[in-house]
Amino acid sequence: EQFVDGFADTTSVSVETGTPGDEDAAAGQRYIEVPVTVTAIHADGSRHRYAGSYVLHRTVVDGASAEERAWRIASAKLREVSP
């Protein structure tokens with residue numbers, strides 16, 4: 001609910017990705033960090049930019065479903081920067 005509320009007055013969001021880092025392997029898991037810049041435009045016309053990274057995750061064990069093998073955002077570290 002808090003996440004949804006944070007976007008209540010957001011009219012658009014764009015994400016620019018940088019070059020992903022090396023894939024990190026753990027037992028049956030894969031992680032990769034991707035640098036990002038996120039720009040959000042609010043209903044009042046204000047623009048906010050955030051820089052940081054998303055960590056993507058997927059499962060690669062035998063028997064994993066296609067959904068489990070798909071990359072998903074596991075975490076995000078973003079901080080607001082000047083537009």
# chains A, B, ... in the order shown; residues from 1 in each chain; ligands from 1
>>> select_by_dssp(residues="chain A", states="strand (DSSP E)", output="ChimeraX atom specification")
/A:10-17,24-26,29-42,47-59,72-81
>>> residues_around(residues="stretch 62-66 of chain A", least_positions_apart="6", cutoff="12 Å", atoms="only C-alpha atoms", output="PDB file with all heavy atoms, in the first residue's frame")
ATOM      1  N   ALA A  27      23.939 -20.858  -4.958  1.00  0.00           N
ATOM      2  CA  ALA A  27      23.383 -22.200  -5.162  1.00  0.00           C
ATOM      3  C   ALA A  27      22.022 -22.139  -5.851  1.00  0.00           C
ATOM      4  O   ALA A  27      21.015 -21.843  -5.226  1.00  0.00           O
ATOM      5  CB  ALA A  27      23.269 -22.922  -3.830  1.00  0.00           C
ATOM      6  N   GLY A  28      22.005 -22.376  -7.152  1.00  0.00           N
ATOM      7  CA  GLY A  28      20.769 -22.400  -7.917  1.00  0.00           C
ATOM      8  C   GLY A  28      20.152 -21.045  -8.172  1.00  0.00           C
ATOM      9  O   GLY A  28      19.034 -20.958  -8.663  1.00  0.00           O
ATOM     10  N   GLN A  29      20.859 -19.985  -7.844  1.00  0.00           N
ATOM     11  CA  GLN A  29      20.341 -18.624  -7.993  1.00  0.00           C
ATOM     12  C   GLN A  29      21.321 -17.779  -8.802  1.00  0.00           C
ATOM     13  O   GLN A  29      22.525 -18.028  -8.775  1.00  0.00           O
ATOM     14  CB  GLN A  29      20.157 -17.968  -6.616  1.00  0.00           C
ATOM     15  CG  GLN A  29      19.429 -18.803  -5.598  1.00  0.00           C
ATOM     16  CD  GLN A  29      17.978 -19.011  -5.957  1.00  0.00           C
ATOM     17  OE1 GLN A  29      17.285 -18.087  -6.337  1.00  0.00           O
ATOM     18  NE2 GLN A  29      17.508 -20.244  -5.847  1.00  0.00           N
TER      19      GLN A  29
END
>>> closest_residue(among="A:Glu67, A:Val81, A:Ala74, A:Asp22", to="A:Ala51", atoms="only C-alpha atoms")
A:Val81
>>> closest_residue(among="A:Val38, A:Val61, A:Ala26, A:Leu56", to="A:Leu78", atoms="only C-alpha atoms")
A:Val38
>>> select_by_dssp(residues="chain A", states="alpha helix (DSSP H)", output="PyMOL selection string")
chain A and resi 2-5+66-69
>>> residues_around(residues="A:His42", least_positions_apart="5", cutoff="8 Å", atoms="only C-alpha atoms", output="PyMOL selection string")
chain A and resi 9-12+47
